[in-house]
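Only one structure is covered here, and it is reproduced in the block below.
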There are 2 protein chains.
Amino acid sequence: MPLHDPAHAFVPYPDVPVPHAGHGPLCGLSFGVKDLFDVAGYPTGGGNPLMLAMSGVKIRTAPTVQRLLDAGARFVGKTVTDELAFSMNGNNAHFGAPINGAAPDSISGGSSSGSASAVSSRLCDFALGTDTGGSVRAPASHCGLYGIRPTHGRISLEGALDLSPSLDTCGFFARDAATFERVAEVLMAPDATPLPEAVRLLRPEDVWALLDAEVNETLSTAVQRVESVLGPARPVHAALDGFDAMYWHFRHVQGHEAWGTHGAFITRFAPPLGPGVAERFAWSSQVSDAQASAGQAFRERFRRHLGELLGTDGVLVMPTMPDIAPLRSDSEASLEDYRNRSIRLLCLAGLSGFPQLSMPLAQRHGAPLGLSLLGPAGSDRSLVRLARRIAAA
Amino acid sequence: MPLHDPAHAFVPYPDVPVPHAGHGPLCGLSFGVKDLFDVAGYPTGGGNPLMLAMSGVKIRTAPTVQRLLDAGARFVGKTVTDELAFSMNGNNAHFGAPINGAAPDSISGGSSSGSASAVSSRLCDFALGTDTGGSVRAPASHCGLYGIRPTHGRISLEGALDLSPSLDTCGFFARDAATFERVAEVLMAPDATPLPEAVRLLRPEDVWALLDAEVNETLSTAVQRVESVLGPARPVHAALDGFDAMYWHFRHVQGHEAWGTHGAFITRFAPPLGPGVAERFAWSSQVSDAQASAGQAFRERFRRHLGELLGTDGVLVMPTMPDIAPLRSDSEASLEDYRNRSIRLLCLAGLSGFPQLSMPLAQRHGAPLGLSLLGPAGSDRSLVRLARRIAAA
């Protein structure tokens with residue numbers, strides 16, 4: 001970890017040198033890695049003390065991390081993750097709450113909290129995270145960063161701790177669109193079917209209707225900026241069966257898999273789990289196979305629905321989160337309510353597996369607020385390119 | 001750690017073989033080591049996730065642990081400690097609450113909670129702990145074990161995390177007096193000035209007056225058993241300036257040193273600390289140099305006073321703890337109250353630096369209650385021998 005870490009973004013592991021290439025497209029850039037990914041010489045704590053205790057020192061580096069090292073980027077440390085990545089609050093009961101570098105009194109958001117904190121606090125140039133239900137997009141919006149949840153499976157999660165494998169993705173953060181694109185070009189091959197130069201910009205009115213009027217208003221200037229580059233957005237309807245149904249289907253799929261991943265660990269070692277995380281795992285243990293199956297079936301229907309809506313040239317422009325980050329002093333109950341509202345926005349990419357990129361294009365009360373582009377499966381690199389064009393506008 | 005750890009007594013580190021001698025006085029015995037001591041191949045977590053993260057894998061084994069290995073004892077794992085050893089509740093917010101093998105619904109007591117849990121749950125034959133303010137004696141009494149706080153400095157704490165160095169001691173637990181003596185003979189050379197065959201048994205009436213009548217009554221049979229071996233106890237007065245003064249002097253010395261030990265770590269890394277522990281460190285940071293000096297001056301006076309009272313042949317017979325272990329379901333406030341009552345009993349050995357051995361000679365409502373012998377400085381091995389004679393009676 002960096003010697004100077006006022007943001008408490010990094011897990012204070014003993015520094016073990018991690019070699020990187022002397023040249024390459026990411027030469028000169030430093031990066032942090034969410035403590036779910038193995039890095040040789042370090043343990044992988046996953047934000048839980050007993051998981052850390054069981055980890056031991058890893059002898060292999062996750063391929064995605066290795067790819068960054070091979071491209072010349074310099075590893076500076078492992079970043080704090082929300083406990084077992086099963087939270088969006090950015091407050092780990094055992095490892096602390098990394099500071100939001102763009103709004104220090106507000107939560108960073110999670111679960112890739114330390115990664116967003118490190119980048120927003122300028123402790124490194126970019127950072128690796130994961131996004132199962134919003135864990136890159138939420139902190140990107142809160143901390144004023146570019147952040148992407150790629151198409152499911154697009155960036156390898158080999159050598160990383162799972163949460164809900166059919167939803168887990170590997171994403172990343174940067175402060176500016178140019179750096180963001182440099183990283184994207186290393187981590188993702190060019191799109192097999194790139195978006196055309198002239199995309200169909202779509203505005204999912206049902207999603208926008210979930211926002212408070214003031215937040216909607218705040219984001220309108222950012223939407224206009226996007227439209228100035230991509231042309232006027234056409235109104236569409238994105239949800240299927242309503243947001244309540246989508247919310248529950250998402251949570252059933254996520255919870256059922258999360259318990260499959262960590263249930264044995266929790267049952268055997270009885271790890272103390274922080275507020276919210278304990279309740280979510282307890283809830284997850286109760287999700288029935290039938291509920292999970294129904295969720296998976298819905299997911300297939302929704303993926304087809306959204307795929308048809310987007311075709312090969314459609315891009316949704318939508319809010320990343322319901323609002324700017326809640327305050328660090330907010331109650332657990334109020335954070336839970338914010339989380340539940342957030343999932344309604346975040347589950348579109350989660351359920352479809354399609355890529356979503358959050359851009360730091362708005363502010364409210366001096367805190368950042370992200371605006372997202374959501375494209376068809378495999379359009380990741382094209383979205384990154386659009387974000388760069390919009391940033392330049 | 002043992003594959004089967006239903007007591008959650010051990011930290012689940014990856015098993016790394018720790019070689020031990022093939023013969024020796026402890027051959028055939030297995031032991032656990034409180035996770036404050038370095039054992040080569042393992043990290044030293046100290047019951048705090050960030051301390052664990054910073055630890056890295058140790059390459060040296062603490063000399064006291066090595067002495068046990070050289071005597072043929074088999075290391076089975078590192079045991080859970082209360083956070084940074086600054087608690088007596090046996091409930092670590094990050095690593096769990098090891099089960100009291102003698103009273104599963106009650107707390108094990110701490111901070112050597114995992115060690116007492118492992119031995120009382122028969123997961124190993126003996127275990128190493130530390131005692132600053134009661135961290136061996138409290139769990140020994142709660143879990144029905146023999147446990148000693150040796151003369152300060154008698155057993156090396158090299159290679160172990162400090163709490164309050166001028167109070168910290170290395171102690172151990174066993175289920176029976178014979179095993180206890182085998183371990184004592186390995187860890188401690190014979191007393192330079194052994195207690196004589198006929199000791200002066202002393203009953204500190206002011207200490208006994210701190211107990212509720214029912215607890216006093218419960219322990220009376222155990223006292224009679226001690227008297228049947230050592231002769232009738234003579235009433236004495238042990239305290240100096242009253243128990244409230246002793247309590248505060250002890251806490252000022254302990255707190256001032258504890259902040260000296262961990263203040264920089266806490267300030268820099270802002271580790272989330274469990275209930276009680278956080279408050280105690282915050283309080284410790286406020287202890288003034290003047291308060292600490294006054295505590296140290298009192299300690300010298302008390303040491304002389306108790307030294308004169310005991311001479312070379314005096315042994316106090318006294319309660320180890322105010323009562324049987326509180327229930328696991330008891331509130332933090334009620335545990336804090338119990339802790340404060342306990343310190344009044346435990347600070348006699350703490351302040352004097354004299355050895356105190358707790359014997360599992362009583363029960364109340366089916367839960368164990370310890371009776372202690374407290375002897376002059378350096379009488380450790382003699383006390384262990386007395387305990388064996390009493391056990392045989």
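Identifiers in this document derive from the order of the structure tokens: chains are assigned A, B, ..., residues are numbered from 1 separately in each chain, and ligands are numbered from 1 in order of occurrence.
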For the contact check between chain B and chain A, emit one row per residue of chain B within 12 Å, containing the shortest atom pair and the distance in Å rounded to one decimal, counting only C-alpha atoms, chain then rising number order, as a Markdown table.
| residue | atom | partner | partner_atom | distance |
| --- | --- | --- | --- | --- |
| B:Met1 | CA | A:Met54 | CA | 10.3 |
| B:Leu3 | CA | A:Arg268 | CA | 10.7 |
| B:His4 | CA | A:Arg268 | CA | 9.7 |
| B:Asp5 | CA | A:Phe269 | CA | 8.7 |
| B:Pro6 | CA | A:Arg268 | CA | 8.2 |
| B:Ala7 | CA | A:Phe269 | CA | 9.6 |
| B:His8 | CA | A:Phe269 | CA | 6.8 |
| B:Ala9 | CA | A:Phe269 | CA | 10.1 |
| B:Phe10 | CA | A:Phe269 | CA | 9.7 |
| B:Val11 | CA | A:Ala53 | CA | 6.9 |
| B:Pro12 | CA | A:Met54 | CA | 5.4 |
| B:Tyr13 | CA | A:Met54 | CA | 4.6 |
| B:Pro14 | CA | A:Met54 | CA | 5.4 |
| B:Asp15 | CA | A:Met54 | CA | 9.0 |
| B:Val16 | CA | A:Gly56 | CA | 9.8 |
| B:Asp35 | CA | A:Ala53 | CA | 11.2 |
| B:Gly41 | CA | A:Gly56 | CA | 9.6 |
| B:Tyr42 | CA | A:Gly56 | CA | 8.4 |
| B:Pro43 | CA | A:Ala53 | CA | 8.2 |
| B:Thr44 | CA | A:Ala53 | CA | 9.6 |
| B:Gly45 | CA | A:Ala53 | CA | 8.2 |
| B:Gly46 | CA | A:Pro49 | CA | 11.4 |
| B:Gly47 | CA | A:Pro49 | CA | 9.0 |
| B:Asn48 | CA | A:His94 | CA | 7.9 |
| B:Pro49 | CA | A:Pro49 | CA | 5.3 |
| B:Leu50 | CA | A:Phe95 | CA | 6.5 |
| B:Met51 | CA | A:Pro12 | CA | 8.4 |
| B:Leu52 | CA | A:Ala53 | CA | 7.6 |
| B:Ala53 | CA | A:Tyr13 | CA | 5.0 |
| B:Met54 | CA | A:Tyr13 | CA | 4.6 |
| B:Ser55 | CA | A:Pro14 | CA | 7.0 |
| B:Gly56 | CA | A:Pro14 | CA | 6.1 |
| B:Val57 | CA | A:Val57 | CA | 7.9 |
| B:Lys58 | CA | A:Pro14 | CA | 11.5 |
| B:Lys78 | CA | A:Ala53 | CA | 10.7 |
| B:Thr79 | CA | A:Ala53 | CA | 11.8 |
| B:Val80 | CA | A:Leu50 | CA | 10.7 |
| B:Glu83 | CA | A:His94 | CA | 11.3 |
| B:Asn91 | CA | A:Pro272 | CA | 10.0 |
| B:Asn92 | CA | A:Pro272 | CA | 8.4 |
| B:Ala93 | CA | A:Pro272 | CA | 6.2 |
| B:His94 | CA | A:Pro272 | CA | 5.5 |
| B:Phe95 | CA | A:Pro271 | CA | 6.2 |
| B:Gly96 | CA | A:Pro272 | CA | 5.7 |
| B:Ala97 | CA | A:Pro272 | CA | 8.9 |
| B:Pro98 | CA | A:Ala270 | CA | 10.2 |
| B:Ile99 | CA | A:Ala270 | CA | 11.7 |
| B:Phe265 | CA | A:Pro12 | CA | 10.8 |
| B:Ile266 | CA | A:Gly96 | CA | 11.6 |
| B:Thr267 | CA | A:Pro6 | CA | 10.7 |
| B:Arg268 | CA | A:Pro6 | CA | 8.2 |
| B:Phe269 | CA | A:His8 | CA | 6.8 |
| B:Ala270 | CA | A:Gly96 | CA | 7.1 |
| B:Pro271 | CA | A:Phe95 | CA | 6.2 |
| B:Pro272 | CA | A:His94 | CA | 5.5 |
| B:Leu273 | CA | A:His94 | CA | 7.6 |
| B:Gly274 | CA | A:His94 | CA | 8.7 |
| B:Pro275 | CA | A:Ala93 | CA | 11.5 |
Can those selected residues be exported to a file as a CSV table (one decimal), in the first residue's frame so that it contains C-alpha atoms?
chain,number,residue,atom,x,y,z
B,1,MET,CA,-6.2,-25.5,13.4
B,3,LEU,CA,-10.2,-29.9,11.3
B,4,HIS,CA,-13.0,-30.3,13.9
B,5,ASP,CA,-13.4,-27.0,15.8
B,6,PRO,CA,-17.0,-26.8,16.9
B,7,ALA,CA,-15.9,-24.3,19.6
B,8,HIS,CA,-14.6,-21.8,17.1
B,9,ALA,CA,-11.6,-21.6,19.4
B,10,PHE,CA,-9.0,-21.4,16.6
B,11,VAL,CA,-8.2,-18.8,14.0
B,12,PRO,CA,-8.7,-20.8,10.7
B,13,TYR,CA,-5.2,-20.2,9.3
B,14,PRO,CA,-4.0,-22.5,6.6
B,15,ASP,CA,-2.3,-25.4,8.3
B,16,VAL,CA,1.5,-25.1,8.2
B,35,ASP,CA,-2.8,-15.4,18.4
B,41,GLY,CA,4.7,-20.0,9.0
B,42,TYR,CA,1.7,-18.2,10.5
B,43,PRO,CA,0.7,-14.5,10.7
B,44,THR,CA,0.0,-13.0,14.1
B,45,GLY,CA,-3.4,-11.4,14.0
B,46,GLY,CA,-3.8,-10.1,17.5
B,47,GLY,CA,-7.6,-10.3,17.1
B,48,ASN,CA,-7.7,-7.3,14.8
B,49,PRO,CA,-8.2,-7.6,11.0
B,50,LEU,CA,-5.8,-4.8,10.1
B,51,MET,CA,-3.2,-6.1,12.5
B,52,LEU,CA,-3.6,-9.5,10.8
B,53,ALA,CA,-3.3,-7.8,7.4
B,54,MET,CA,-0.1,-6.0,8.4
B,55,SER,CA,1.4,-9.1,10.0
B,56,GLY,CA,2.6,-11.1,7.0
B,57,VAL,CA,3.8,-14.6,7.6
B,58,LYS,CA,6.3,-14.8,10.5
B,78,LYS,CA,-3.5,-20.4,17.0
B,79,THR,CA,-6.3,-19.5,19.2
B,80,VAL,CA,-8.7,-16.5,19.0
B,83,GLU,CA,-9.2,-7.8,20.1
B,91,ASN,CA,-16.2,-12.0,22.2
B,92,ASN,CA,-14.2,-10.8,19.3
B,93,ALA,CA,-16.3,-8.6,16.9
B,94,HIS,CA,-14.2,-9.8,13.9
B,95,PHE,CA,-13.2,-13.4,14.8
B,96,GLY,CA,-16.1,-14.6,16.9
B,97,ALA,CA,-16.8,-15.7,20.5
B,98,PRO,CA,-15.1,-19.1,21.2
B,99,ILE,CA,-17.4,-21.5,23.1
B,265,PHE,CA,-1.6,2.0,14.9
B,266,ILE,CA,-5.1,3.1,15.8
B,267,THR,CA,-4.5,6.7,14.8
B,268,ARG,CA,-2.9,5.8,11.4
B,269,PHE,CA,-5.1,2.9,10.3
B,270,ALA,CA,-8.3,3.8,12.0
B,271,PRO,CA,-9.1,0.1,12.6
B,272,PRO,CA,-12.8,-0.6,13.4
B,273,LEU,CA,-12.7,-1.8,17.0
B,274,GLY,CA,-15.3,-3.9,18.6
B,275,PRO,CA,-17.8,-2.8,21.3
> Per DSSP on the backbone, what are the alpha helix (DSSP H) residues of region 34-233 of chain B, as a PyMOL selection string?
Replying inline: chain B and resi 49-55+63-70+113-120+137-143+177-187+205-208+213-230
>> Need to verify the contact set: Pro326 (chain B), 9 Å, only C-alpha atoms, exclusion of same-chain residues closer than 2 positions in sequence. Can you return it as a count of residues only?
In response: 15
>> Report, in Å to a single decimal, how far apart CA of Glu336 (chain B) and CA of Thr320 (chain B) are.
In response: 17.2 Å
>> Using only C-alpha atoms, which protein or nucleic acid residues come within 9 Å of Pro139 (chain B)? Drop anything in the same chain fewer than 6 positions from it, and give the result as a ChimeraX atom specification.
In response: /B:88-90,100,107-113,115-117,145,147,325
Could you write out the selected residues, including C-alpha atoms, as a CSV table (one decimal), in the first residue's frame?
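The file below, again.csv, is the result:
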chain,number,residue,atom,x,y,z
B,88,MET,CA,-12.2,-9.8,29.2
B,89,ASN,CA,-15.4,-10.8,27.5
B,90,GLY,CA,-14.2,-13.5,25.1
B,100,ASN,CA,-16.9,-22.1,26.8
B,107,ILE,CA,-18.9,-16.4,27.9
B,108,SER,CA,-15.5,-18.0,28.0
B,109,GLY,CA,-13.9,-14.8,29.3
B,110,GLY,CA,-10.9,-13.3,27.7
B,111,SER,CA,-8.7,-12.1,26.4
B,112,SER,CA,-7.2,-15.6,26.1
B,113,SER,CA,-10.6,-16.8,25.1
B,115,SER,CA,-7.0,-20.9,24.5
B,116,ALA,CA,-9.5,-21.5,27.3
B,117,SER,CA,-12.1,-22.6,24.9
B,145,LEU,CA,-9.4,-24.8,34.1
B,147,GLY,CA,-4.6,-21.2,34.8
B,325,ALA,CA,-19.3,-16.4,33.8
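Among the candidates B:Lys34, B:Arg339, B:Cys170, B:Ala258, the one nearest to Gly276 (chain B) when counting only C-alpha atoms is B:Arg339.
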